[in-house]
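One structure is given below, encoded as structure tokens.
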Amino acid sequence: MSTPLLQRFKLSGGGGSALKVRVIGVLAFQLLLVVIFGVLAPRFLSWDNAQSILFTAAILAMAAAGQTLVVLTGNLDLSVGSIMGLCAYVVFDVASQHTWLMGLTVPFAILLGAALGAINGLLVTYLKIPAMVATLGTLSVYRGMVSFYANAMEVTSGELPGWIRDLATARWLGLSSYVWIAAGLVALVGLVLSRLPWGRKLYAYGSNPRAAYYYGLNENRILIGAYVAAGAIAGFVGLLLGAQVGNINSLVASGFEMQVLAAVVIGGVSIWGGSGSVYGAALGAIVLATINNGLVLLGVQEFYRLLFQGVAIVAAVAVDALVQKRVLSATSRRSILEVAA
Amino acid sequence: MTAEVSPAAAVPRLSIQGVSKSFEAIHALRDVSFDLAPGEIHALVGENGAGKSTLVGIITGLRQPNEGRVLLNGTEVHFHNPLEARAHGVAAVFQDPNLFPHLSIAENIVTGAYPRKGMLLDRAAMRKLARTKLEQLGFDLDPDRLVAELTVAEAQFVEIARAVEPGLQLLILDEPTSALTPSEAGRLYTMVETLKASGTTVVWISHRMDEIRTLADTITVLRDGQHVTTAPASELDDDAMIKAMVGRTVALQRVPRTEPLGPVRLKVRDLNLAGTFADISFDVAEGEIVAIAGLVGSGRSEIQQAIFGLSPQVTGSIEVDGEAATPDSPATMARRGVVYLPEDRDAEGVISSMSIQANVALPSIGKLATAGFVDPRKERSLAAEQREALSIKGEVEALVSSLSGGNRQKVALARWLATHPRVLLLDEPTHGIDVGTKVQVHDIMRRLAREGRMAILMVSSDLPEVLAVSDRVLVIRRGRLSATIDIDDATQENIMAAATAGRSEEAVR
């Protein structure tokens with residue numbers, strides 16, 4: 001059933017071409033969305049609205065950049081929303097009580113996020129807990145910790161460091177500061193992934209963990225590194241989200257993991273690891289922000305938005321599954337059995 | 001004809017001394033000792049399960065021996081992983097490519113030892129390095145292509161290119177030509193000769209007599225985890241080599257059939273699967289056990305899988321009890337009364353985390369239900385009945401994971417027998433099972449055929465088993481039926497000869 005579909009798009013030459021075509025598919029989908037919403041909602045095609053979409057996409061794209069590191073290894077981090085919430089609350093709460101710490105909020109959030117990510121990494125590598133289960137557990141644990149710490153209190157926007165409140169509303173060259181920060185972060189992660197040996201090892205490990213073992217790559221270092229980096233980024237993004245939200249309670253970014261994962265898979269990062277790019281994930285974030293924005297403009301109810309988002313995730317993963325099957329059948333003699341299974 | 005160092009070299013390149021390795025109760029290697037000279041092509045031969053892969057694993061650091069030692073150029077070495085072995089110039093290329101399919105050829109070649117410019121990966125240098133390596137070996141491949149696009153043969157070239165580094169002492173190639181066309185194989189032969197000329201020792205694991213004759217300077221034969229002989233290729237002719245490979249200490253007995261064969265139950269005509277097998281036609285009668293013999297990779301397991309509907313693209317016709325059946329899925333064939341027991345029992349044959357009774361009852365669970373709910377008493381009595389009939393050790397509530405390999409196989413058999421199939425397809429029914437249990441499984445097979453009136457089609461690499469159990473032997477060579485031998489005429493030697501003989505020009509395309 002899958003083969004005729006792929007053949008129609010002339011992908012029968014092998015998994016390679018299928019991999020290359022995927023990003024184009026995401027771009028085409030984004031264009032399609034723009035056309036549809038543009039026709040249906042005239043206000044959609046305005047500079048103000050484009051800015052609004054990019055602003056929403058910025059936070060999501062940054063969190064997706066961190067998640068990409070983990071997903072590339074064939075794992076996932078469901079605790080990203082909880083890490084963001086915990087870092088936002090704890091860091092701002094401490095900063096509001098100890099004003100001399102105000103300048104250190106960013107490194108503090110990054111370190112705290114990295115530490116929480118390290119716990120995820122240790123659970124997955126040393127305790128061999130499947131990533132889905134381990135991070136589902138820490139999702140609850142981290143959220144529980146921030147609830148306990150917050151004790152039903154709030155950090156109000158007046159207590160935040162002034163410069164960070166200013167940052168959240170600043171505009172540079174006509175765009176929100178967050179858009180520029182997100183662009184910088186995505187570019188940095190992109191550089192790490194394409195040019196640093198560690199980044200290349202993430203791809204290699206995700207592509208074929210068994211081969212990675214034969215190649216002598218250090219599995220633990222790769223995986224823990226990915227979780228620590230993803231945690232650090234989540235900590236940083238949590239801080240930015242908190243500054244944007246203003247009044248921070250223990251529920252900040254709760255449920256955010258679904259959006260982040262959706263952005264990553266819609267952006268063409270393979271859920272089985274080994275392929276995709278952080279730029280794709282950022283594009284996925286823009287696609288999601290566009291969907292949300294367009295549906296709001298059309299006055300569509302929240303329920304339909306969730307439905308639409310869910311369908312987009314499943315469709316993206318289904319395409320991914322077809323591509324992955326091609327890729328595996330090319331290099332495995334057991335392909336007969338796998339295709340049959 | 002034991003392991004004497006060739007006179008040209010005082011210090012062997014690799015010396016294997018008294019190496020033993022066992023996995024739980026199974027002795028994979030027992031006290032194996034032999035030497036490999038510098039700059040020779042050393043063929044390592046033996047039947048499946050003779051211990052070749054385990055030995056390669058020990059040499060390359062994938063596995064640690066229980067006893068014995070390995071000396072490289074006279075110095076004892078203990079590699080803990082393949083990377084350490086590689087650092088000492090010992091590399092292996094395995095049958096299944098171990099590559100990163102999503103990455104480019106160039107990156108696959110340099111992964112783990114990236115050329116850098118400062119902190120960053122130097123992509124230009126990486127590409128150049130890969131291109132040079134591929135060219136030196138005579139492989140015409142664009143380093144920018146993704147491995148996912150390659151054929152198995154090309155992927156193998158990439159692995160070899162990666163393995164060949166300056167200072168390579170020992171290169172192990174595990175059945176390197178099994179997926180190659182004759183011309184690709186020819187390029188590989190040239191490459192191996194070049195390596196040999198530069199002083200690298202090459203271990204060539206193969207089942208193909210012709211290429212062993214073409215390439216090998218020395219031949220080592222392993223059988224049942226033991227070293228049989230190491231001799232110069234000129235001193236070991238084909239007959240002697242086959243005898244060394246198949247000769248066995250345990251005798252399995254034939255039990256002559258008293259019941260007559262019934263009508264044809266399974267009729268297979270012109271079965272074709274592109275690139276795997278072609279023109280396969282045969283019958284299996286009621287009460288008959290037919291064995292498919294042949295080398296691993298010859299297509300014999302794939303024929304069975306196709307009959308069970310695992311390869312829907314297969315062409316040809318299949319009839320069960322005179323009724324045409326289209327093998328498009330296992331479910332279709334199961335409805336026709338065809339049952340398949342795969343070789344990898346733990347992965348596919350039994351559910352080891354469930355009890356014996358749950359496993360036995362699984363395929364017939366619908367029949368055991370009362371008003372939609374499974375009746376535990378019926379389930380229990382069915383399991384108890386089968387346990388008795390097959391003399392399975394252990395209570396019916398015991399988890400299958402607590403059983404030995406042999407008893408697991410009996411559970412796998414019992415599970416299907418409860419459904420009274422017409423055709424039973426068995427892949428390596430006693431692989432990894434001790435001799436005592438093996439004899440019991442053979443008895444069960446005979447009873448199923450003769451009393452249960454099933455048609456049994458068995459794939460086996462175990463020639464004594466083939467001779468003891470089957471009524472007829474189909475020999476497959478390179479995807480084609482090369483001989484049909486009646487059991488009264490069959491010997492290990494003529495089966496082996498039919499499975500390996502002749503030059504392999506007519507590659508299956």
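Each chain in the structure tokens gets a letter, A, B, ..., in the order shown, and its residues are numbered from 1; ligands are numbered from 1 in order too.
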- Task: Compile the contact shell of stretch 222-229 of chain A as a PyMOL selection string: residues with an atom at most 8 Å away, counting only C-alpha atoms, same-chain residues fewer than 3 positions apart removed.
- Result: chain A and resi 66+69-70+73+77+113-118+120-122+125+198+201-202+205+218-219+232-233
Could those residues be written to a file, using N, CA, C and O atoms, as a JSON list (two decimals), in the first residue's frame?
[["chain", "number", "residue", "atom", "x", "y", "z"],
["A", 66, "GLY", "N", 15.81, 22.28, 20.95],
["A", 66, "GLY", "CA", 16.33, 21.39, 21.99],
["A", 66, "GLY", "C", 15.80, 19.97, 21.82],
["A", 66, "GLY", "O", 16.55, 18.99, 21.88],
["A", 69, "LEU", "N", 17.51, 17.70, 19.22],
["A", 69, "LEU", "CA", 18.73, 17.00, 19.62],
["A", 69, "LEU", "C", 18.41, 15.62, 20.16],
["A", 69, "LEU", "O", 19.10, 14.64, 19.88],
["A", 70, "VAL", "N", 17.35, 15.53, 20.95],
["A", 70, "VAL", "CA", 16.97, 14.25, 21.56],
["A", 70, "VAL", "C", 16.32, 13.33, 20.54],
["A", 70, "VAL", "O", 16.64, 12.15, 20.45],
["A", 73, "THR", "N", 18.39, 11.24, 18.18],
["A", 73, "THR", "CA", 19.00, 10.01, 18.69],
["A", 73, "THR", "C", 17.99, 8.87, 18.74],
["A", 73, "THR", "O", 18.31, 7.78, 19.16],
["A", 77, "ASP", "N", 11.90, 13.65, 24.67],
["A", 77, "ASP", "CA", 11.90, 14.28, 25.98],
["A", 77, "ASP", "C", 10.51, 14.88, 26.22],
["A", 77, "ASP", "O", 10.21, 15.97, 25.74],
["A", 113, "GLY", "N", 18.16, 23.92, 34.06],
["A", 113, "GLY", "CA", 17.59, 23.09, 32.99],
["A", 113, "GLY", "C", 18.53, 21.96, 32.62],
["A", 113, "GLY", "O", 18.10, 20.81, 32.41],
["A", 114, "ALA", "N", 19.83, 22.26, 32.53],
["A", 114, "ALA", "CA", 20.81, 21.24, 32.18],
["A", 114, "ALA", "C", 20.82, 20.12, 33.22],
["A", 114, "ALA", "O", 20.91, 18.94, 32.88],
["A", 115, "ALA", "N", 20.71, 20.51, 34.50],
["A", 115, "ALA", "CA", 20.72, 19.51, 35.57],
["A", 115, "ALA", "C", 19.50, 18.60, 35.45],
["A", 115, "ALA", "O", 19.61, 17.37, 35.58],
["A", 116, "LEU", "N", 18.34, 19.19, 35.19],
["A", 116, "LEU", "CA", 17.12, 18.38, 35.03],
["A", 116, "LEU", "C", 17.24, 17.47, 33.81],
["A", 116, "LEU", "O", 16.84, 16.30, 33.84],
["A", 117, "GLY", "N", 17.84, 18.00, 32.73],
["A", 117, "GLY", "CA", 18.07, 17.19, 31.53],
["A", 117, "GLY", "C", 19.02, 16.04, 31.82],
["A", 117, "GLY", "O", 18.84, 14.92, 31.33],
["A", 118, "ALA", "N", 20.03, 16.32, 32.65],
["A", 118, "ALA", "CA", 21.00, 15.27, 32.99],
["A", 118, "ALA", "C", 20.30, 14.11, 33.69],
["A", 118, "ALA", "O", 20.62, 12.94, 33.46],
["A", 120, "ASN", "N", 17.21, 13.14, 33.22],
["A", 120, "ASN", "CA", 16.58, 12.38, 32.13],
["A", 120, "ASN", "C", 17.58, 11.46, 31.45],
["A", 120, "ASN", "O", 17.32, 10.28, 31.21],
["A", 121, "GLY", "N", 18.73, 12.04, 31.12],
["A", 121, "GLY", "CA", 19.76, 11.29, 30.41],
["A", 121, "GLY", "C", 20.23, 10.09, 31.21],
["A", 121, "GLY", "O", 20.42, 8.99, 30.68],
["A", 122, "LEU", "N", 20.44, 10.30, 32.51],
["A", 122, "LEU", "CA", 20.91, 9.19, 33.36],
["A", 122, "LEU", "C", 19.87, 8.08, 33.43],
["A", 122, "LEU", "O", 20.20, 6.90, 33.40],
["A", 125, "THR", "N", 20.05, 6.23, 30.01],
["A", 125, "THR", "CA", 21.27, 5.46, 29.70],
["A", 125, "THR", "C", 21.59, 4.43, 30.78],
["A", 125, "THR", "O", 21.61, 3.24, 30.50],
["A", 198, "TRP", "N", 30.42, 16.01, 17.79],
["A", 198, "TRP", "CA", 29.36, 15.51, 18.67],
["A", 198, "TRP", "C", 28.01, 15.53, 17.95],
["A", 198, "TRP", "O", 27.21, 14.60, 18.05],
["A", 201, "LYS", "N", 27.76, 12.77, 15.58],
["A", 201, "LYS", "CA", 27.56, 11.50, 16.28],
["A", 201, "LYS", "C", 26.10, 11.30, 16.68],
["A", 201, "LYS", "O", 25.62, 10.17, 16.75],
["A", 202, "LEU", "N", 25.41, 12.41, 16.98],
["A", 202, "LEU", "CA", 23.98, 12.31, 17.28],
["A", 202, "LEU", "C", 23.24, 11.67, 16.11],
["A", 202, "LEU", "O", 22.43, 10.76, 16.28],
["A", 205, "TYR", "N", 24.40, 7.91, 15.73],
["A", 205, "TYR", "CA", 23.79, 7.03, 16.73],
["A", 205, "TYR", "C", 22.30, 6.82, 16.42],
["A", 205, "TYR", "O", 21.80, 5.70, 16.46],
["A", 218, "ASN", "N", 30.56, 6.48, 21.86],
["A", 218, "ASN", "CA", 30.16, 6.36, 23.25],
["A", 218, "ASN", "C", 28.68, 6.71, 23.41],
["A", 218, "ASN", "O", 28.29, 7.87, 23.42],
["A", 219, "GLU", "N", 27.88, 5.67, 23.52],
["A", 219, "GLU", "CA", 26.42, 5.83, 23.57],
["A", 219, "GLU", "C", 25.99, 6.76, 24.70],
["A", 219, "GLU", "O", 25.20, 7.68, 24.51],
["A", 232, "ALA", "N", 19.01, 22.34, 28.99],
["A", 232, "ALA", "CA", 19.55, 23.69, 29.11],
["A", 232, "ALA", "C", 18.73, 24.65, 28.25],
["A", 232, "ALA", "O", 18.37, 25.75, 28.68],
["A", 233, "ILE", "N", 18.44, 24.21, 27.02],
["A", 233, "ILE", "CA", 17.65, 25.06, 26.13],
["A", 233, "ILE", "C", 16.25, 25.26, 26.71],
["A", 233, "ILE", "O", 15.71, 26.38, 26.72]]
If we count only C-alpha atoms, which residues of chain B reach to within 7 Å of chain A? Please list them as a compact mmCIF listing (two decimals) with all heavy atoms, in the first residue's frame.
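Below is the file that was written, selection_28.txt:
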# COMPACT_ATOMS: atom_id res chain seq x y z
N PRO B 82 35.15 -3.51 19.26
CA PRO B 82 35.71 -3.51 17.90
C PRO B 82 36.63 -2.31 17.64
O PRO B 82 37.53 -2.41 16.82
CB PRO B 82 34.46 -3.43 17.01
CG PRO B 82 33.35 -3.96 17.84
CD PRO B 82 33.68 -3.58 19.24
N LEU B 83 36.39 -1.21 18.37
CA LEU B 83 37.21 -0.03 18.14
C LEU B 83 38.65 -0.26 18.59
O LEU B 83 39.60 0.13 17.93
CB LEU B 83 36.60 1.16 18.89
CG LEU B 83 37.13 2.51 18.46
CD1 LEU B 83 36.66 2.84 17.06
CD2 LEU B 83 36.69 3.58 19.43
N ASP B 96 25.91 -8.52 7.47
CA ASP B 96 24.93 -7.44 7.39
C ASP B 96 25.67 -6.13 7.56
O ASP B 96 26.40 -5.96 8.52
CB ASP B 96 23.89 -7.57 8.52
CG ASP B 96 22.87 -8.63 8.21
OD1 ASP B 96 22.31 -8.59 7.10
OD2 ASP B 96 22.65 -9.50 9.06
N PRO B 97 25.46 -5.19 6.65
CA PRO B 97 26.19 -3.93 6.77
C PRO B 97 25.87 -3.23 8.09
O PRO B 97 24.71 -3.15 8.49
CB PRO B 97 25.67 -3.11 5.59
CG PRO B 97 25.08 -4.08 4.65
CD PRO B 97 24.60 -5.23 5.47
N ASN B 98 26.91 -2.75 8.75
CA ASN B 98 26.74 -1.96 9.97
C ASN B 98 27.05 -0.53 9.65
O ASN B 98 28.14 -0.04 9.93
CB ASN B 98 27.71 -2.46 11.04
CG ASN B 98 27.10 -3.53 11.88
OD1 ASN B 98 26.00 -3.35 12.40
ND2 ASN B 98 27.78 -4.63 12.01
N LEU B 99 26.10 0.14 9.00
CA LEU B 99 26.36 1.50 8.56
C LEU B 99 25.23 2.39 9.01
O LEU B 99 24.22 1.92 9.53
CB LEU B 99 26.47 1.53 7.04
CG LEU B 99 27.69 0.81 6.44
CD1 LEU B 99 27.55 0.70 4.94
CD2 LEU B 99 28.98 1.53 6.80
N PHE B 100 25.41 3.70 8.79
CA PHE B 100 24.38 4.67 9.13
C PHE B 100 23.62 5.03 7.85
O PHE B 100 24.12 5.83 7.05
CB PHE B 100 25.01 5.91 9.77
CG PHE B 100 25.90 5.57 10.93
CD1 PHE B 100 27.26 5.81 10.86
CD2 PHE B 100 25.39 4.96 12.06
CE1 PHE B 100 28.09 5.48 11.92
CE2 PHE B 100 26.21 4.64 13.13
CZ PHE B 100 27.56 4.89 13.06
N PRO B 101 22.45 4.47 7.64
CA PRO B 101 21.77 4.64 6.36
C PRO B 101 21.40 6.09 6.03
O PRO B 101 21.34 6.45 4.88
CB PRO B 101 20.52 3.77 6.49
CG PRO B 101 20.34 3.52 7.93
CD PRO B 101 21.71 3.58 8.54
N HIS B 102 21.17 6.91 7.07
CA HIS B 102 20.73 8.28 6.80
C HIS B 102 21.88 9.21 6.44
O HIS B 102 21.66 10.36 6.11
CB HIS B 102 20.00 8.87 8.01
CG HIS B 102 18.84 8.06 8.49
ND1 HIS B 102 18.98 7.02 9.38
CD2 HIS B 102 17.53 8.13 8.19
CE1 HIS B 102 17.78 6.50 9.61
NE2 HIS B 102 16.89 7.15 8.90
N GLY B 112 33.66 8.81 13.82
CA GLY B 112 34.49 8.38 14.95
C GLY B 112 35.91 8.93 14.85
O GLY B 112 36.60 9.05 15.84
N TYR B 114 36.78 11.97 12.82
CA TYR B 114 36.46 13.06 11.89
C TYR B 114 37.68 13.92 11.63
O TYR B 114 38.38 14.31 12.57
CB TYR B 114 35.37 13.94 12.50
CG TYR B 114 34.08 13.24 12.79
CD1 TYR B 114 33.81 12.77 14.06
CD2 TYR B 114 33.12 13.07 11.80
CE1 TYR B 114 32.61 12.13 14.35
CE2 TYR B 114 31.92 12.44 12.08
CZ TYR B 114 31.67 11.98 13.34
OH TYR B 114 30.49 11.35 13.61
N MET B 119 37.63 23.29 15.88
CA MET B 119 36.65 22.43 16.55
C MET B 119 35.70 21.77 15.57
O MET B 119 35.01 20.82 15.90
CB MET B 119 35.80 23.27 17.51
CG MET B 119 36.38 23.45 18.89
SD MET B 119 35.38 24.68 19.75
CE MET B 119 33.84 23.81 19.94
N LEU B 120 35.64 22.35 14.38
CA LEU B 120 34.58 21.96 13.45
C LEU B 120 35.02 20.83 12.53
O LEU B 120 36.19 20.67 12.21
CB LEU B 120 34.13 23.17 12.62
CG LEU B 120 33.57 24.35 13.40
CD1 LEU B 120 33.20 25.46 12.46
CD2 LEU B 120 32.36 23.92 14.21
N LEU B 121 34.01 20.09 12.08
CA LEU B 121 34.23 19.03 11.11
C LEU B 121 34.62 19.67 9.78
O LEU B 121 33.98 20.60 9.31
CB LEU B 121 32.93 18.24 10.96
CG LEU B 121 32.78 17.29 9.79
CD1 LEU B 121 33.72 16.12 9.97
CD2 LEU B 121 31.35 16.79 9.72
N LEU B 146 23.89 9.06 -0.14
CA LEU B 146 23.48 8.52 1.15
C LEU B 146 23.56 7.00 1.09
O LEU B 146 23.28 6.38 0.07
CB LEU B 146 22.05 8.92 1.48
CG LEU B 146 21.76 10.41 1.68
CD1 LEU B 146 20.34 10.59 2.22
CD2 LEU B 146 22.76 11.02 2.64
N ALA B 148 21.59 4.97 2.36
CA ALA B 148 20.26 4.41 2.13
C ALA B 148 19.99 4.13 0.66
O ALA B 148 19.15 3.32 0.33
CB ALA B 148 19.19 5.33 2.70
N GLU B 149 20.72 4.82 -0.21
CA GLU B 149 20.49 4.63 -1.64
C GLU B 149 21.27 3.46 -2.22
O GLU B 149 21.09 3.13 -3.38
CB GLU B 149 20.92 5.89 -2.41
CG GLU B 149 20.16 7.15 -2.08
CD GLU B 149 20.80 8.38 -2.72
OE1 GLU B 149 21.65 8.23 -3.62
OE2 GLU B 149 20.45 9.48 -2.29
N LEU B 150 22.19 2.91 -1.44
CA LEU B 150 23.12 1.92 -2.00
C LEU B 150 22.52 0.52 -2.05
O LEU B 150 21.60 0.19 -1.29
CB LEU B 150 24.40 1.88 -1.15
CG LEU B 150 25.12 3.21 -0.98
CD1 LEU B 150 26.38 2.99 -0.16
CD2 LEU B 150 25.46 3.82 -2.31
N THR B 151 23.06 -0.29 -2.93
CA THR B 151 22.72 -1.71 -2.90
C THR B 151 23.52 -2.35 -1.76
O THR B 151 24.46 -1.76 -1.24
CB THR B 151 23.13 -2.40 -4.21
OG1 THR B 151 24.56 -2.33 -4.32
CG2 THR B 151 22.50 -1.74 -5.41
N VAL B 152 23.15 -3.57 -1.40
CA VAL B 152 23.87 -4.24 -0.34
C VAL B 152 25.35 -4.36 -0.70
O VAL B 152 26.24 -4.18 0.13
CB VAL B 152 23.25 -5.62 -0.04
CG1 VAL B 152 24.08 -6.36 0.98
CG2 VAL B 152 21.84 -5.46 0.45
N LEU B 310 4.64 -14.67 3.43
CA LEU B 310 5.40 -13.53 3.95
C LEU B 310 5.99 -12.67 2.84
O LEU B 310 6.53 -11.61 3.10
CB LEU B 310 6.52 -14.02 4.88
CG LEU B 310 6.06 -14.48 6.26
CD1 LEU B 310 7.15 -15.23 6.98
CD2 LEU B 310 5.63 -13.28 7.09
N SER B 311 5.97 -13.15 1.60
CA SER B 311 6.48 -12.36 0.48
C SER B 311 5.38 -12.25 -0.56
O SER B 311 5.37 -13.00 -1.53
CB SER B 311 7.70 -13.04 -0.14
OG SER B 311 8.60 -13.42 0.85
- Message: Which residues are close to stretch 27-33 of chain B, i.e. within 7 Å by only C-alpha atoms, leaving aside same-chain residues fewer than 5 positions away? Reply as a PyMOL selection string.
- Response: chain B and resi 16-22+51+54+225-227
Those residues with C-alpha atoms, as a compact mmCIF listing (two decimals), in the first residue's frame please?
# COMPACT_ATOMS: atom_id res chain seq x y z
CA ILE B 16 44.48 -18.42 18.60
CA GLN B 17 45.34 -20.56 21.59
CA GLY B 18 42.91 -22.80 23.43
CA VAL B 19 39.94 -20.48 23.00
CA SER B 20 36.62 -21.65 24.50
CA LYS B 21 33.35 -19.82 24.69
CA SER B 22 29.99 -20.97 25.94
CA GLY B 51 31.46 -21.39 15.72
CA THR B 54 31.72 -16.56 17.68
CA GLY B 225 32.72 -25.38 17.94
CA GLN B 226 35.89 -27.42 17.57
CA HIS B 227 38.91 -26.99 15.38
- Contacts of B:Gly299 within 6 Å, only C-alpha atoms, excl. fewer than 5 positions in-chain, as a ChimeraX atom specification: /B:276-277,479
- 8 Å contact set for A:Asn75, only C-alpha atoms, chain neighbours under 3 positions out, as a VMD selection string: chain A and resid 70 to 72 131 to 132 271 to 273
If you keep all heavy atoms, can you produce a file of those selected residues as a compact mmCIF listing (two decimals), in the first residue's frame?
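What ended up in result32.txt:
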# COMPACT_ATOMS: atom_id res chain seq x y z
N VAL A 70 17.35 15.53 20.95
CA VAL A 70 16.97 14.25 21.56
C VAL A 70 16.32 13.33 20.54
O VAL A 70 16.64 12.15 20.45
CB VAL A 70 16.04 14.48 22.77
CG1 VAL A 70 15.58 13.15 23.35
CG2 VAL A 70 16.74 15.30 23.83
N VAL A 71 15.41 13.89 19.75
CA VAL A 71 14.68 13.07 18.78
C VAL A 71 15.64 12.49 17.73
O VAL A 71 15.46 11.37 17.27
CB VAL A 71 13.54 13.87 18.12
CG1 VAL A 71 12.86 13.07 17.03
CG2 VAL A 71 12.51 14.26 19.18
N LEU A 72 16.68 13.23 17.38
CA LEU A 72 17.65 12.73 16.40
C LEU A 72 18.31 11.43 16.87
O LEU A 72 18.74 10.63 16.07
CB LEU A 72 18.73 13.78 16.13
CG LEU A 72 18.34 14.88 15.15
CD1 LEU A 72 19.48 15.89 15.02
CD2 LEU A 72 18.01 14.30 13.78
N ALA A 131 12.90 5.97 26.90
CA ALA A 131 12.80 7.43 27.00
C ALA A 131 11.36 7.88 27.23
O ALA A 131 11.10 8.80 28.01
CB ALA A 131 13.36 8.07 25.74
N MET A 132 10.44 7.23 26.55
CA MET A 132 9.03 7.61 26.68
C MET A 132 8.58 7.53 28.14
O MET A 132 7.94 8.44 28.66
CB MET A 132 8.20 6.66 25.81
CG MET A 132 6.73 6.78 25.99
SD MET A 132 5.99 7.76 24.70
CE MET A 132 6.07 6.65 23.32
N ILE A 271 11.09 10.43 13.89
CA ILE A 271 10.87 10.00 15.26
C ILE A 271 11.71 8.75 15.57
O ILE A 271 11.94 8.41 16.71
CB ILE A 271 9.35 9.76 15.48
CG1 ILE A 271 8.98 9.86 16.96
CG2 ILE A 271 8.91 8.45 14.90
CD1 ILE A 271 8.77 11.27 17.43
N TRP A 272 12.23 8.08 14.51
CA TRP A 272 13.11 6.92 14.71
C TRP A 272 14.57 7.33 14.79
O TRP A 272 15.43 6.49 14.94
CB TRP A 272 12.91 5.91 13.59
CG TRP A 272 11.63 5.17 13.72
CD1 TRP A 272 11.42 4.06 14.50
CD2 TRP A 272 10.37 5.47 13.10
NE1 TRP A 272 10.12 3.67 14.40
CE2 TRP A 272 9.45 4.50 13.55
CE3 TRP A 272 9.96 6.44 12.23
CZ2 TRP A 272 8.12 4.51 13.14
CZ3 TRP A 272 8.63 6.44 11.83
CH2 TRP A 272 7.73 5.48 12.28
N GLY A 273 14.82 8.64 14.66
CA GLY A 273 16.19 9.12 14.79
C GLY A 273 16.97 9.10 13.50
O GLY A 273 16.57 8.49 12.52
- Message: Neighbouring residues of A:Val34 were defined as those with any atom within 10 Å, considering only C-alpha atoms; residues of the same chain fewer than 3 positions away were excluded. Please report them as an MDAnalysis selection string.
- Response: chainID A and resid 28:31 37:40 44:45 287 290:291 294
Can I get the selection written as an mmCIF file, in the first residue's frame, with N, CA and C atoms?
data_model
loop_
_atom_site.group_PDB
_atom_site.id
_atom_site.type_symbol
_atom_site.label_atom_id
_atom_site.label_comp_id
_atom_site.auth_asym_id
_atom_site.auth_seq_id
_atom_site.Cartn_x
_atom_site.Cartn_y
_atom_site.Cartn_z
ATOM 1 N N ALA A 28 6.072 23.050 1.269
ATOM 2 C CA ALA A 28 4.882 23.065 0.430
ATOM 3 C C ALA A 28 3.632 23.151 1.298
ATOM 4 N N PHE A 29 3.627 22.422 2.416
ATOM 5 C CA PHE A 29 2.493 22.442 3.317
ATOM 6 C C PHE A 29 2.279 23.841 3.891
ATOM 7 N N GLN A 30 3.398 24.489 4.275
ATOM 8 C CA GLN A 30 3.309 25.849 4.821
ATOM 9 C C GLN A 30 2.723 26.809 3.783
ATOM 10 N N LEU A 31 3.193 26.681 2.538
ATOM 11 C CA LEU A 31 2.678 27.540 1.463
ATOM 12 C C LEU A 31 1.180 27.321 1.276
ATOM 13 N N PHE A 37 -5.455 30.097 4.221
ATOM 14 C CA PHE A 37 -5.865 31.100 5.213
ATOM 15 C C PHE A 37 -5.966 32.477 4.568
ATOM 16 N N GLY A 38 -5.070 32.764 3.628
ATOM 17 C CA GLY A 38 -5.081 34.051 2.949
ATOM 18 C C GLY A 38 -6.397 34.282 2.217
ATOM 19 N N VAL A 39 -6.887 33.204 1.597
ATOM 20 C CA VAL A 39 -8.149 33.315 0.877
ATOM 21 C C VAL A 39 -9.318 33.431 1.847
ATOM 22 N N LEU A 40 -9.299 32.601 2.880
ATOM 23 C CA LEU A 40 -10.440 32.540 3.794
ATOM 24 C C LEU A 40 -10.489 33.723 4.759
ATOM 25 N N PHE A 44 -5.357 37.687 7.454
ATOM 26 C CA PHE A 44 -4.226 36.780 7.647
ATOM 27 C C PHE A 44 -2.963 37.303 6.970
ATOM 28 N N LEU A 45 -3.149 37.849 5.762
ATOM 29 C CA LEU A 45 -1.988 38.279 4.979
ATOM 30 C C LEU A 45 -1.604 39.712 5.285
ATOM 31 N N VAL A 287 4.801 26.342 11.072
ATOM 32 C CA VAL A 287 3.584 25.711 10.544
ATOM 33 C C VAL A 287 2.522 25.646 11.640
ATOM 34 N N THR A 290 1.190 29.005 12.452
ATOM 35 C CA THR A 290 0.311 29.451 11.368
ATOM 36 C C THR A 290 -1.067 28.820 11.501
ATOM 37 N N ILE A 291 -1.070 27.494 11.758
ATOM 38 C CA ILE A 291 -2.355 26.803 11.924
ATOM 39 C C ILE A 291 -3.151 27.461 13.050
ATOM 40 N N GLY A 294 -4.265 31.033 12.050
ATOM 41 C CA GLY A 294 -5.291 31.035 11.012
ATOM 42 C C GLY A 294 -6.630 30.582 11.549
#
- Distance of atom CA of B:Glu286 from atom CA of B:Ile495, expressed in Å to one decimal place: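 These two atoms are separated by 24.1 Å.
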- Task: as an NGL selection string, please: all residues of stretch 38-159 of chain B that backbone DSSP puts in strand (DSSP E).
- Result: :B and (41-45 or 67-72 or 75-77 or 90-93 or 116-117 or 120-121)
